[in-house]
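A.B. asks: Sharing target-v7.tsv below, TSV, C-alpha atoms:
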chain	number	residue	atom	x	y	z
A	1	MET	CA	114.87	133.08	104.71
A	2	SER	CA	118.19	131.28	105.21
A	3	VAL	CA	121.55	132.37	106.51
A	4	TYR	CA	124.37	132.86	104.02
A	5	LEU	CA	127.87	132.48	105.46
A	6	TYR	CA	130.60	134.84	104.27
A	7	ALA	CA	133.43	134.29	106.68
A	8	VAL	CA	134.59	133.25	110.09
A	9	ILE	CA	136.51	135.81	112.11
A	10	GLY	CA	137.98	135.83	115.59
A	11	VAL	CA	136.91	139.19	116.93
A	12	ARG	CA	133.94	141.49	116.46
A	13	PRO	CA	134.78	144.28	114.01
A	14	ALA	CA	134.79	147.76	115.58
A	15	SER	CA	132.44	149.12	112.90
A	16	PRO	CA	129.42	147.57	111.15
A	17	CYS	CA	130.29	145.22	108.27
A	18	GLY	CA	128.18	146.92	105.61
A	19	ASN	CA	126.15	144.96	103.07
A	20	GLY	CA	126.50	141.58	101.38
A	21	VAL	CA	126.36	140.31	97.80
A	22	CYS	CA	122.64	140.98	97.41
A	23	ALA	CA	122.78	144.30	99.29
A	24	GLU	CA	121.49	142.56	102.43
A	25	PRO	CA	122.90	143.98	105.67
A	26	LEU	CA	125.60	141.82	107.20
A	27	ARG	CA	125.37	140.69	110.80
A	28	LEU	CA	127.32	138.53	113.19
A	29	VAL	CA	126.58	135.13	114.71
A	30	VAL	CA	128.76	134.50	117.76
A	31	SER	CA	129.66	131.04	118.98
A	32	GLY	CA	132.19	131.06	121.80
A	33	ASP	CA	135.28	132.86	120.59
A	34	LEU	CA	134.34	132.42	116.92
A	35	VAL	CA	132.30	134.96	115.00
A	36	ALA	CA	130.50	134.23	111.73
A	37	VAL	CA	129.74	137.03	109.31
A	38	VAL	CA	126.40	136.28	107.65
A	39	GLY	CA	123.62	137.77	105.59
A	40	ASP	CA	119.95	136.79	105.38
A	41	LEU	CA	119.13	135.46	101.91
A	42	PRO	CA	116.30	133.31	100.57
A	43	ASP	CA	118.72	131.25	98.46
A	44	THR	CA	122.38	131.09	97.45
A	45	PRO	CA	123.34	134.05	95.25
A	46	GLU	CA	123.31	133.29	91.54
A	47	LEU	CA	126.70	132.12	90.38
A	48	THR	CA	127.86	134.86	88.05
A	49	ALA	CA	131.05	136.81	87.49
A	50	MET	CA	129.40	139.73	89.24
A	51	THR	CA	128.44	137.82	92.39
A	52	LEU	CA	131.90	136.23	92.63
A	53	ARG	CA	133.51	139.66	92.45
A	54	ALA	CA	130.96	141.04	94.89
A	55	GLN	CA	131.64	138.30	97.45
A	56	ASP	CA	135.39	138.87	97.17
A	57	GLY	CA	134.73	142.58	97.66
A	58	VAL	CA	132.68	141.95	100.80
A	59	LEU	CA	135.49	139.81	102.20
A	60	ARG	CA	138.19	142.35	101.34
A	61	ARG	CA	136.23	145.04	103.14
A	62	LEU	CA	135.98	142.76	106.11
A	63	ALA	CA	139.72	142.06	106.01
A	64	ALA	CA	140.36	145.78	106.21
A	65	ALA	CA	138.50	145.83	109.53
A	66	VAL	CA	139.85	142.70	111.22
A	67	ASP	CA	143.18	140.95	111.38
A	68	ALA	CA	142.07	137.41	110.56
A	69	VAL	CA	139.41	136.39	108.04
A	70	LEU	CA	138.61	132.84	106.98
A	71	PRO	CA	136.49	133.10	103.83
A	72	ALA	CA	133.72	130.54	103.49
A	73	ARG	CA	133.27	128.68	100.22
A	74	PHE	CA	130.90	130.42	97.82
A	75	GLY	CA	127.36	129.13	98.17
A	76	THR	CA	127.44	128.15	101.85
A	77	LEU	CA	123.85	128.53	102.99
A	78	LEU	CA	122.60	127.34	106.36
A	79	ALA	CA	119.10	127.02	107.73
A	80	ASP	CA	119.33	129.53	110.59
A	81	ASP	CA	121.62	131.07	113.20
A	82	ALA	CA	121.50	127.91	115.30
A	83	ALA	CA	122.84	125.90	112.36
A	84	VAL	CA	125.66	128.43	111.90
A	85	ALA	CA	126.56	128.29	115.58
A	86	ALA	CA	126.46	124.49	115.53
A	87	ALA	CA	128.69	124.36	112.44
A	88	LEU	CA	131.23	126.63	114.16
A	89	ALA	CA	131.08	124.64	117.39
A	90	GLN	CA	131.64	121.40	115.52
A	91	ARG	CA	134.92	122.64	114.05
A	92	ARG	CA	135.99	125.00	116.82
A	93	GLY	CA	139.55	123.66	117.18
A	94	PRO	CA	140.53	123.62	113.49
A	95	LEU	CA	138.84	126.98	112.83
A	96	ALA	CA	140.60	128.66	115.78
A	97	GLN	CA	143.89	127.19	114.61
A	98	ALA	CA	143.32	128.41	111.06
A	99	LEU	CA	142.40	131.89	112.33
A	100	GLY	CA	145.69	132.00	114.20
A	101	ARG	CA	147.52	130.93	111.06
A	102	VAL	CA	146.04	133.58	108.75
A	103	ALA	CA	146.12	136.48	111.23
A	104	GLY	CA	147.85	139.43	109.61
A	105	CYS	CA	148.44	137.46	106.41
A	106	GLU	CA	147.42	137.48	102.78
A	107	GLN	CA	147.69	134.88	100.03
A	108	MET	CA	149.80	134.93	96.89
A	109	THR	CA	149.21	132.38	94.12
A	110	VAL	CA	151.92	131.07	91.82
A	111	ARG	CA	151.18	128.81	88.88
A	112	VAL	CA	153.88	126.70	87.29
A	113	TRP	CA	153.76	126.17	83.55
A	114	GLY	CA	155.80	123.88	81.33
A	115	ASP	CA	155.66	121.11	78.80
A	116	GLY	CA	156.72	118.24	81.01
A	117	VAL	CA	157.17	117.29	84.64
A	118	ALA	CA	160.32	117.82	86.69
A	119	THR	CA	162.29	114.62	87.18
A	120	ALA	CA	161.35	112.99	90.42
A	121	THR	CA	164.08	113.55	92.97
A	122	ALA	CA	165.96	110.37	93.79
A	123	ALA	CA	162.91	108.15	93.73
A	124	GLU	CA	164.07	105.30	95.86
A	125	SER	CA	161.86	102.34	95.23
A	126	ALA	CA	161.48	99.95	98.08
A	127	THR	CA	163.10	96.69	97.17
A	128	SER	CA	162.88	95.07	100.54
A	129	GLY	CA	159.79	93.70	102.20
A	130	GLY	CA	156.92	91.76	100.77
A	131	PRO	CA	154.70	92.79	97.87
A	132	GLY	CA	152.31	94.50	100.28
A	133	THR	CA	155.07	96.64	101.78
A	134	ARG	CA	156.35	97.58	98.34
A	135	TYR	CA	152.87	98.49	97.18
A	136	LEU	CA	152.28	100.73	100.17
A	137	ALA	CA	155.70	102.35	99.74
A	138	GLN	CA	154.81	103.11	96.11
A	139	ARG	CA	151.46	104.55	97.15
A	140	ARG	CA	153.16	106.77	99.73
A	141	GLN	CA	155.70	107.93	97.20
A	142	ALA	CA	152.96	108.83	94.71
A	143	HIS	CA	151.10	110.72	97.41
A	144	GLU	CA	154.21	112.64	98.49
A	145	GLN	CA	154.98	113.44	94.88
A	146	ALA	CA	151.53	114.99	94.51
A	147	GLN	CA	152.35	117.35	97.38
A	148	ARG	CA	155.62	118.54	95.91
A	149	VAL	CA	156.57	121.09	93.34
A	150	PRO	CA	160.32	120.58	92.88
A	151	GLU	CA	160.15	122.96	89.91
A	152	LEU	CA	159.81	125.81	92.40
A	153	GLU	CA	162.89	125.05	94.52
A	154	PRO	CA	164.93	128.00	93.20
A	155	LEU	CA	162.00	130.28	94.05
A	156	ARG	CA	161.50	128.81	97.51
A	157	ARG	CA	165.13	129.49	98.36
A	158	ARG	CA	164.77	133.11	97.31
A	159	LEU	CA	161.46	133.65	99.09
A	160	GLY	CA	162.91	132.31	102.33
A	161	ASP	CA	160.95	133.38	105.38
A	162	LEU	CA	158.67	135.64	103.35
A	163	VAL	CA	156.51	132.50	103.11
A	164	ARG	CA	154.68	131.46	106.28
A	165	ALA	CA	152.77	128.49	104.87
A	166	GLU	CA	152.31	126.73	101.56
A	167	ARG	CA	149.51	124.83	99.82
A	168	VAL	CA	150.20	122.80	96.72
A	169	GLU	CA	147.97	121.42	94.02
A	170	ARG	CA	149.45	119.49	91.11
A	171	HIS	CA	147.55	119.34	87.83
A	172	ASP	CA	147.73	116.63	85.20
A	173	ARG	CA	147.08	119.05	82.44
A	174	PRO	CA	150.20	120.48	80.80
A	175	PRO	CA	151.08	123.23	80.31
A	176	LEU	CA	149.60	123.91	83.75
A	177	LEU	CA	151.69	121.78	86.11
A	178	ALA	CA	150.87	123.12	89.53
A	179	THR	CA	149.16	125.82	91.54
A	180	VAL	CA	150.92	126.88	94.72
A	181	GLN	CA	149.48	129.21	97.34
A	182	HIS	CA	151.75	131.01	99.75
A	183	LEU	CA	150.69	132.72	102.94
A	184	VAL	CA	152.66	135.95	103.41
A	185	ALA	CA	152.44	138.84	105.86
A	186	ARG	CA	150.00	141.55	104.80
A	187	GLY	CA	151.74	144.25	102.84
A	188	THR	CA	154.56	142.01	101.57
A	189	GLY	CA	152.78	140.99	98.34
A	190	GLY	CA	154.74	143.55	96.35
A	191	ARG	CA	158.05	142.22	97.62
A	192	TYR	CA	156.87	138.71	96.86
A	193	VAL	CA	156.12	139.60	93.23
A	194	ALA	CA	159.56	141.23	92.89
A	195	VAL	CA	161.24	138.07	94.18
A	196	VAL	CA	159.27	135.92	91.74
A	197	ASP	CA	160.27	138.22	88.86
A	198	ASP	CA	163.92	137.96	89.87
A	199	ALA	CA	163.69	134.17	89.95
A	200	ARG	CA	162.27	133.74	86.44
A	201	ASP	CA	165.63	132.96	84.82
A	202	ALA	CA	166.61	130.49	87.54
A	203	LEU	CA	163.27	128.71	87.14
A	204	ARG	CA	163.69	127.95	83.43
A	205	PRO	CA	162.50	125.86	81.64
A	206	TRP	CA	159.48	126.29	83.89
A	207	ARG	CA	157.44	129.47	83.62
A	208	VAL	CA	155.53	130.98	86.49
A	209	SER	CA	152.65	133.42	86.78
A	210	VAL	CA	151.79	135.14	90.01
A	211	THR	CA	148.55	136.71	91.25
A	212	GLY	CA	147.58	138.35	94.49
A	213	PRO	CA	147.35	139.51	97.12
A	214	TRP	CA	144.20	137.52	97.87
A	215	LEU	CA	142.43	136.78	101.08
A	216	PRO	CA	143.81	133.56	102.58
A	217	TYR	CA	141.27	131.41	100.71
A	218	ALA	CA	143.48	128.32	100.61
A	219	PHE	CA	144.43	128.34	104.28
A	220	GLY	CA	141.13	127.79	106.00
A	221	GLU	CA	141.41	124.04	106.04
A	222	ASP	CA	143.74	122.49	108.53
A	223	ALA	CA	146.45	120.66	106.66
A	224	ALA	CA	150.01	119.95	107.72
B	225	MET	CA	114.15	133.37	87.61
B	226	LYS	CA	117.60	131.85	88.00
B	227	THR	CA	120.08	132.01	85.16
B	228	PRO	CA	120.51	128.46	83.86
B	229	ALA	CA	123.67	127.07	85.45
B	230	ARG	CA	125.25	126.26	82.13
B	231	ALA	CA	124.86	129.79	80.84
B	232	ALA	CA	126.26	131.22	84.07
B	233	ALA	CA	129.26	128.91	83.86
B	234	ARG	CA	129.86	129.89	80.26
B	235	GLU	CA	129.66	133.56	81.10
B	236	ILE	CA	132.34	133.13	83.76
B	237	LEU	CA	134.59	130.80	81.83
B	238	ASP	CA	134.44	132.61	78.52
B	239	SER	CA	135.58	135.86	80.03
B	240	ALA	CA	139.24	134.75	79.77
B	241	ASP	CA	140.01	137.18	82.55
B	242	ASP	CA	142.86	135.94	84.72
B	243	SER	CA	141.66	137.59	87.91
B	244	LEU	CA	138.20	136.12	87.47
B	245	LEU	CA	139.66	132.63	87.00
B	246	ASP	CA	141.54	133.08	90.25
B	247	LEU	CA	138.31	134.15	91.91
B	248	VAL	CA	136.62	131.00	90.64
B	249	ASP	CA	139.48	128.90	91.96
B	250	ASN	CA	139.53	130.66	95.32
B	251	LEU	CA	135.83	131.04	95.98
B	252	LEU	CA	134.56	127.74	94.57
B	253	ASN	CA	137.55	125.50	95.16
B	254	LYS	CA	138.90	126.84	98.43
B	255	GLY	CA	137.52	128.52	101.49
B	256	VAL	CA	136.18	127.11	104.70
B	257	VAL	CA	133.61	124.38	104.32
B	258	VAL	CA	131.50	124.05	107.41
B	259	SER	CA	129.95	120.66	107.75
B	260	GLY	CA	126.41	120.11	108.87
B	261	GLU	CA	123.42	121.52	107.16
B	262	VAL	CA	125.20	123.25	104.34
B	263	LEU	CA	123.12	123.50	101.23
B	264	LEU	CA	125.09	123.90	98.07
B	265	GLY	CA	122.49	124.84	95.56
B	266	LEU	CA	124.79	125.60	92.68
B	267	ALA	CA	124.32	123.17	89.85
B	268	GLY	CA	126.90	124.87	87.66
B	269	ILE	CA	129.82	124.24	89.99
B	270	ASP	CA	130.81	120.84	88.61
B	271	LEU	CA	130.93	122.25	85.15
B	272	ILE	CA	133.17	125.05	86.30
B	273	TYR	CA	135.51	122.71	88.18
B	274	LEU	CA	135.86	120.59	85.06
B	275	ARG	CA	136.79	123.45	82.83
B	276	LEU	CA	138.81	125.53	85.26
B	277	THR	CA	142.25	124.05	84.59
B	278	ALA	CA	141.56	124.01	80.87
B	279	LEU	CA	140.71	127.69	81.02
B	280	LEU	CA	143.72	128.52	83.13
B	281	CYS	CA	145.85	126.87	80.45
B	282	ALA	CA	144.15	128.92	77.78
B	283	ALA	CA	144.74	132.08	79.78
B	284	ASP	CA	148.44	131.25	79.94
B	285	ARG	CA	148.62	130.94	76.18
B	286	VAL	CA	146.90	134.27	75.76
B	287	SER	CA	149.21	136.08	78.18
B	288	GLN	CA	152.24	134.42	76.59
B	289	SER	CA	151.34	135.76	73.20
B	290	ARG	CA	150.99	139.21	74.76
B	291	GLU	CA	154.52	139.13	76.16
B	292	PRO	CA	157.06	141.09	74.16
B	293	SER	CA	159.66	138.67	72.84
Any chance you could put this one into structure tokens?
C.D. replies:
Amino acid sequence: MSVYLYAVIGVRPASPCGNGVCAEPLRLVVSGDLVAVVGDLPDTPELTAMTLRAQDGVLRRLAAAVDAVLPARFGTLLADDAAVAAALAQRRGPLAQALGRVAGCEQMTVRVWGDGVATATAAESATSGGPGTRYLAQRRQAHEQAQRVPELEPLRRRLGDLVRAERVERHDRPPLLATVQHLVARGTGGRYVAVVDDARDALRPWRVSVTGPWLPYAFGEDAA
Amino acid sequence: MKTPARAAAREILDSADDSLLDLVDNLLNKGVVVSGEVLLGLAGIDLIYLRLTALLCAADRVSQSREPS
């Protein structure tokens, strides 16, 4: 029997967590001020539409009971409780920081669609320095470009402080240009969708689709 | 007996259900990864990663055609 990790939370839930994906009872593994929500399974659950939905359901139930939930990636199986505790201990700082970030928050996902790519904003190419400097400057510019979605600027202005944090993923596969995740306060997802709908005209020629609210899946890793 | 990974991936990807595609993206692509003795025993994952953006694109085309003009 191995230990299947569902989520990391910061406080013990007041009530029992119920059952997991395979109807196994959930239990807690505590390591310092971090708490892992786990189930005992012989193997990772089969990867099916049903198990994906079930795992999301388990996590949503958990989120209803505690303020901050960091979902684990599907299929995270560890040998035993000691391995879980060690894994938490190893990343204590980043996990605690991420828990603080997602407390009281949910995730909205916006996808940007279009037939081309927005013109790069004032791409200043380094003309000074040696070839090495210029090469590194180009590399940095390419990297920064991959983190940006200028197409969404009109939306960002409208969303204002509704957005607490952002994660960006650019795709090289038109018409899908980018996926952007926004961390918003719980309960503001409806307002968020209304703002996106209002911004559709201003965003043309780009189209956007919005889904959520989700658990803060994209905000567990420490970035920025 | 485990469902062959390829069949499982097909089942998920052929559903053309937007919310399921988001679940795939969130649960398989995101989420906390704890280092150490993690065993990822899911052979179908690579296949799903590969086809995810393609499927998302397809989903967009479907929902576009549903929109009233």
A.B. asks: Within 7 Å of range 243-255 of chain B, counting only C-alpha atoms, which residues show up once you throw out same-chain ones fewer than 4 positions away? Write them as a PyMOL selection string, please.
C.D. replies: (chain A and resi 52+71-74+217-218+220) or (chain B and resi 280)
A.B. asks: Quick one: pull the distance between CA of Asn19 in chain A and CA of Arg60 in chain A, Å, one decimal.
C.D. replies: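 Straight-line distance from CA of Asn19 in chain A to CA of Arg60 in chain A works out to 12.4 Å.
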A.B. asks: Kindly provide the residues of chain A that approach chain B to within 9 Å, each paired with its closest atom pair and their distance in Å to one decimal, based on only C-alpha atoms, listed by chain and increasing number, as a Markdown table.
C.D. replies:
| residue | atom | partner | partner_atom | distance |
| --- | --- | --- | --- | --- |
| A:Ala7 | CA | B:Val256 | CA | 7.9 |
| A:Val8 | CA | B:Val256 | CA | 8.3 |
| A:Asp43 | CA | B:Gly265 | CA | 8.0 |
| A:Thr44 | CA | B:Gly265 | CA | 6.5 |
| A:Pro45 | CA | B:Leu266 | CA | 9.0 |
| A:Glu46 | CA | B:Lys226 | CA | 6.9 |
| A:Leu47 | CA | B:Ala232 | CA | 6.4 |
| A:Thr48 | CA | B:Ala232 | CA | 5.6 |
| A:Ala49 | CA | B:Ile236 | CA | 5.4 |
| A:Leu52 | CA | B:Leu247 | CA | 6.8 |
| A:Arg53 | CA | B:Leu247 | CA | 7.3 |
| A:Gln55 | CA | B:Leu251 | CA | 8.5 |
| A:Asp56 | CA | B:Leu247 | CA | 7.6 |
| A:Leu70 | CA | B:Val256 | CA | 6.6 |
| A:Pro71 | CA | B:Gly255 | CA | 5.2 |
| A:Ala72 | CA | B:Val256 | CA | 4.4 |
| A:Arg73 | CA | B:Gly255 | CA | 4.4 |
| A:Phe74 | CA | B:Leu251 | CA | 5.3 |
| A:Gly75 | CA | B:Leu264 | CA | 5.7 |
| A:Thr76 | CA | B:Val262 | CA | 5.9 |
| A:Leu77 | CA | B:Leu263 | CA | 5.4 |
| A:Leu78 | CA | B:Val262 | CA | 5.3 |
| A:Ala79 | CA | B:Glu261 | CA | 7.0 |
| A:Ala83 | CA | B:Glu261 | CA | 6.8 |
| A:Val84 | CA | B:Val258 | CA | 8.6 |
| A:Ala86 | CA | B:Gly260 | CA | 8.0 |
| A:Ala87 | CA | B:Val258 | CA | 5.8 |
| A:Leu88 | CA | B:Val258 | CA | 7.2 |
| A:Gln90 | CA | B:Ser259 | CA | 8.0 |
| A:Arg91 | CA | B:Val258 | CA | 7.6 |
| A:Leu95 | CA | B:Val256 | CA | 8.6 |
| A:Thr109 | CA | B:Asp246 | CA | 8.6 |
| A:Trp113 | CA | B:Asp284 | CA | 8.2 |
| A:His171 | CA | B:Thr277 | CA | 7.8 |
| A:Arg173 | CA | B:Thr277 | CA | 7.3 |
| A:Pro174 | CA | B:Cys281 | CA | 7.7 |
| A:Pro175 | CA | B:Cys281 | CA | 6.4 |
| A:Leu176 | CA | B:Cys281 | CA | 5.8 |
| A:Ser209 | CA | B:Asp284 | CA | 8.3 |
| A:Thr211 | CA | B:Ser243 | CA | 7.7 |
| A:Gly212 | CA | B:Ser243 | CA | 8.9 |
| A:Trp214 | CA | B:Asn250 | CA | 8.7 |
| A:Leu215 | CA | B:Asn250 | CA | 8.9 |
| A:Pro216 | CA | B:Gly255 | CA | 8.1 |
| A:Tyr217 | CA | B:Gly255 | CA | 4.8 |
| A:Ala218 | CA | B:Lys254 | CA | 5.3 |
| A:Phe219 | CA | B:Gly255 | CA | 7.5 |
| A:Gly220 | CA | B:Val256 | CA | 5.2 |
| A:Glu221 | CA | B:Val256 | CA | 6.2 |
A.B. asks: Can you work out the spacing between CA of Val66 in chain A and CA of Pro13 in chain A in Å, to one decimal?
C.D. replies: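 So the answer is 6.0 Å.
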A.B. asks: Neighbours of range 25-30 of chain A within 7 Å (all atoms listed in the file; same-chain residues fewer than 6 positions away dropped), as a list in words?
C.D. replies: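 The residues that qualify are Cys17, Gly18, Asn19, Ala36, Val37, Val38, Gly39, Asp81 and Ala85 of chain A.
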A.B. asks: Within 6 Å of (136.5, 132.3, 113.8) in the file's own coordinates, which protein, DNA or RNA residues have an atom, counting all atoms listed in the file? List them as a PyMOL selection string.
C.D. replies: chain A and resi 8-10+34-35+95-96
A.B. asks: Out of A:Leu155, A:Val11, A:Val163, A:Leu59, which residue has the shortest atom-to-atom distance to His182 in chain A when counting all atoms listed in the file?
C.D. replies: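 Closest candidate: A:Val163.
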A.B. asks: Between CA of Arg101 in chain A and CA of Ala194 in chain A, what is the distance in Å, rounded to a tenth?
C.D. replies: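 We find that CA of Arg101 in chain A and CA of Ala194 in chain A lie 24.1 Å from each other.
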A.B. asks: Please identify all polymer residues within 9 Å of Arg186 in chain A, counting all atoms listed in the file, omitting same-chain residues fewer than 6 positions from it, and present them as a PyMOL selection string.
C.D. replies: chain A and resi 104-107+213
